[in-house]
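This report concerns only the one structure given below.
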Amino acid sequence: MSVTNESLFERAKQTNPGGVNSPVRSFRSVGGTPRFFRKGEGAYLWDVEGTRYLDLVGSWGASITGHAHPEIVQAVQKAAEHGLSFGAPTEAEIEMAETLCRLLPSMEQVRLVSSGTEATMSAIRLARGFTKRDLLIKFEGCYHGHSDSLLVAAGSGALTFGHPTSGGVSELTASQTVVLPYHDTEALENAFKQLGDKVAAVIIEPVAGNMNMIIPTQAYLQTLRTLCDDYGVVLIFDEVMSGFRVALECVQGLMGIRPDITTLGKVIGGGMPVAAFGGRKDIMAHLAPLGSVYQAGTLSGNPVAVAAGLASLAIIQREGFYQHLSTVTQRFVQGINRIAANHAFCAQSLGGMFGFYCLESVPDSYEAMRKCDQESFKRVFHALLNQGVYLPPSAFEAGFMSAAHTEVMIDDALNKFATIVDA
Ligand code: PLP
């Protein structure tokens, strides 16, 4: 009997909790059977049943060059021939650090890690070690990985301390995180007035992608920068998702705001596990082995993963890369907006990242996003999936294009969308 997505899902559930190794893959919020992929090439994925999909997820943003880009595959093969892991320094790690520091001037020094979670968790510890303060401010709807102090929701009052959103996170840990509404200047100013001198760090997605895509104003981010300066708080821009995804200069370059620490992941690994955190040299100097803040990793700066990352970073720096990426992404969102003119759907994009919303108008806050019509999203998601277009399997996730997507592919997806909406 040949394998099917369904048979693999049933089999996976015997040995993996929920049949997956990361919850959103389980299709819980849209229902149905997750696709088990066997191959990716360029803009397409193929599942185990041989069905082809136009991929609008791109490994949650990592696959910006398209799947199995020949230069990245070759770099990985070449690195692997020389050994998979040394647990000791390599020249390629220096090249990676130099590239990141050159592309992002706010990053005076950088440490490589293996996941976005590790990057944000380490950045927060570093900020606490540097400021000798305990409190952390985060924003509702932002996701920064699954470390304890970040799996926290707002308390019941306007400015109470957080409570855990995950089993296993202690009340004590959650109580050191203050959760504020995203893109709300007044709430920000009030919080700083009351707690500013106790806060070690503010962590923010400067363009959010984990409550679907929300683009804040430059003025909001500038206020945040100023308040952090006034109160000696470390400003962490979590660009794990937006970094090199919205533009080569990332959100910080587009908005002209210099964070103290930046966290990166996804694109900088070219599909392999590479992430990083870096920023002001005086802050980074507090990191072991120079300073007292401990952080380490057996596979940090892994030579095969770094080879993939370097190849990916080389490709995105080429002339015209972001131009093409933005053009195809814009074509998609403009098409959605045109087709959906009389329906409650809309879309927007920045670089190679887009938001597709089951709402009348583009949301500018988590509160606005929460009003989206999830039933409608499920219907569109499954109808597109059945026609070979793979959207993120949740109404609250951003979507991602790659440089391998073409206008012809986008127009084909839009035609399919049009038939669904009109049905
Ligand atoms: N930060 C942001 C903004 C993210 O979007 C993610 C993951 O999607 C993370 C951190 C965590 O990264 P990882 O899944 O590599 O641990």
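Simple scheme: letters A, B, ... for chains in structure tokens order, numbers from 1 for residues in each chain, numbers from 1 for ligands in the order shown.
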**OP:** Please give me, as a list in words, the residues lying within 6 Å of ligand 1 when counting only C-alpha atoms and all ligand atoms.
**Re:**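 Listed by chain and ascending number, the contacts are Ser115, Gly116, Thr117, Tyr143, His144, Gly145, Glu205, Asp238, Glu239, Val240 and Met241 of chain A.
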**OP:** Using DSSP on the backbone coordinates, identify the residues of region 139-242 of chain A assigned to strand (DSSP E); present them as a list of chain:residue names.
**Re:**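 Assigned to strand (DSSP E), within region 139-242 of chain A: A:Phe139, A:Val152, A:Ala153, A:His163, A:Pro164, A:Thr177, A:Val178, A:Val179, A:Leu180, A:Val199, A:Ala200, A:Ala201, A:Val202, A:Ile203, A:Ile204, A:Val234, A:Leu235, A:Ile236, A:Phe237, A:Asp238.
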Output N, CA and C atoms for every residue in that selection, as a short mmCIF file (atom, residue, chain, number, x, y, z; two decimals), in the first residue's frame.
```cif
data_model
loop_
_atom_site.label_atom_id
_atom_site.label_comp_id
_atom_site.auth_asym_id
_atom_site.auth_seq_id
_atom_site.Cartn_x
_atom_site.Cartn_y
_atom_site.Cartn_z
N PHE A 139 5.17 42.27 24.01
CA PHE A 139 3.89 42.77 23.50
C PHE A 139 2.98 41.61 23.11
N VAL A 152 4.10 34.15 27.96
CA VAL A 152 3.41 34.89 29.00
C VAL A 152 2.40 35.82 28.34
N ALA A 153 1.21 35.91 28.98
CA ALA A 153 0.18 36.84 28.48
C ALA A 153 -0.03 37.95 29.48
N HIS A 163 0.99 36.36 33.22
CA HIS A 163 0.77 35.01 33.71
C HIS A 163 1.08 34.02 32.58
N PRO A 164 1.43 32.78 32.96
CA PRO A 164 1.90 31.84 31.93
C PRO A 164 0.84 31.51 30.89
N THR A 177 7.65 39.27 33.59
CA THR A 177 7.38 39.78 32.24
C THR A 177 6.11 40.62 32.26
N VAL A 178 6.22 41.82 31.75
CA VAL A 178 5.06 42.70 31.63
C VAL A 178 4.63 42.67 30.16
N VAL A 179 3.35 42.40 29.92
CA VAL A 179 2.87 42.29 28.54
C VAL A 179 1.99 43.50 28.20
N LEU A 180 2.37 44.20 27.15
CA LEU A 180 1.63 45.41 26.74
C LEU A 180 0.97 45.20 25.39
N VAL A 199 13.12 47.99 34.47
CA VAL A 199 13.04 47.14 33.28
C VAL A 199 14.44 46.92 32.67
N ALA A 200 14.78 45.65 32.45
CA ALA A 200 16.06 45.32 31.81
C ALA A 200 15.96 45.50 30.30
N ALA A 201 14.87 44.99 29.72
CA ALA A 201 14.78 44.99 28.26
C ALA A 201 13.35 45.04 27.78
N VAL A 202 13.19 45.59 26.59
CA VAL A 202 11.94 45.48 25.84
C VAL A 202 12.27 44.63 24.62
N ILE A 203 11.47 43.60 24.39
CA ILE A 203 11.66 42.80 23.18
C ILE A 203 10.43 42.96 22.30
N ILE A 204 10.68 43.23 21.02
CA ILE A 204 9.57 43.49 20.09
C ILE A 204 9.88 42.95 18.70
N VAL A 234 17.43 48.14 27.66
CA VAL A 234 17.98 47.56 26.43
C VAL A 234 16.84 47.27 25.46
N LEU A 235 16.95 47.82 24.26
CA LEU A 235 15.91 47.58 23.24
C LEU A 235 16.34 46.43 22.33
N ILE A 236 15.55 45.37 22.37
CA ILE A 236 15.84 44.19 21.54
C ILE A 236 14.85 44.14 20.38
N PHE A 237 15.35 44.26 19.17
CA PHE A 237 14.52 44.04 17.99
C PHE A 237 14.63 42.56 17.63
N ASP A 238 13.52 41.86 17.75
CA ASP A 238 13.52 40.46 17.33
C ASP A 238 13.21 40.42 15.84
#
```
**OP:** Pick out each residue of region 194-244 of chain A that DSSP on the backbone tags as alpha helix (DSSP H); I need them as a ChimeraX atom specification.
**Re:** /A:194-195,218-231
For the residues in the current selection, export C-alpha atoms as a compact mmCIF listing (two decimals), in the first residue's frame.
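So the final result, stored in result_32.txt, reads:
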```txt
# COMPACT_ATOMS: atom_id res chain seq x y z
CA GLN A 194 5.58 53.33 36.36
CA LEU A 195 8.24 50.67 35.87
CA GLN A 218 7.90 54.61 12.52
CA ALA A 219 6.73 57.08 15.18
CA TYR A 220 5.70 54.25 17.51
CA LEU A 221 9.07 52.52 17.20
CA GLN A 222 10.83 55.86 17.61
CA THR A 223 8.92 56.51 20.86
CA LEU A 224 9.99 53.08 22.07
CA ARG A 225 13.63 53.87 21.22
CA THR A 226 13.47 57.20 23.04
CA LEU A 227 11.86 55.71 26.16
CA CYS A 228 14.47 52.95 26.29
CA ASP A 229 17.20 55.61 26.07
CA ASP A 230 15.58 57.73 28.78
CA TYR A 231 15.29 54.83 31.23
```
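We find CA of Phe321 (chain A) and CA of Ala403 (chain A) to be spaced 7.0 Å apart.
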Enumerate, in order of chain and increasing residue number, the residues of region 302-349 of chain A with an atom no farther than 9 Å from region 80-85 of chain A, each with its shortest atom pair and distance in Å to one decimal, counting only C-alpha atoms, as CSV.
```
residue,atom,partner,partner_atom,distance
A:Asn302,CA,A:Ser85,CA,5.9
A:Pro303,CA,A:Ser85,CA,6.3
A:Val304,CA,A:Ala80,CA,5.8
```
Original post:
Which is closer to Ile215 (chain A) than all the others in A:Met121, A:Val421, A:Ala340, A:Ala398, using only C-alpha atoms?
Top reply: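 Smallest distance to Ile215 (chain A) is found for A:Ala398.
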**OP:** For region 326-336 of chain A, please output as a list in words all residues within 6 Å (counting only C-alpha atoms; exclusion window: fewer than 5 positions along the same chain).
**Re:**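 The filter keeps Ala347, Gln348, Gly351, Gly352, Glu407 and Ile410 of chain A.
Straight-line separation from CA of Leu287 (chain A) to CA of Glu93 (chain A): 17.3 Å.
With only C-alpha atoms as the atoms that count, the minimum distance from Ala92 (chain A) to the choices A:Leu310, A:Leu391, A:Ala191, A:Asp184 is reached by A:Leu310.
For the pair CA of Met211 (chain A) and CA of Thr173 (chain A), the separation is 23.4 Å.
With distances restricted to only C-alpha atoms, A:Ala79 is the closest residue to Ala305 (chain A) from A:Ala383, A:Ala79, A:Val408, A:Leu56.
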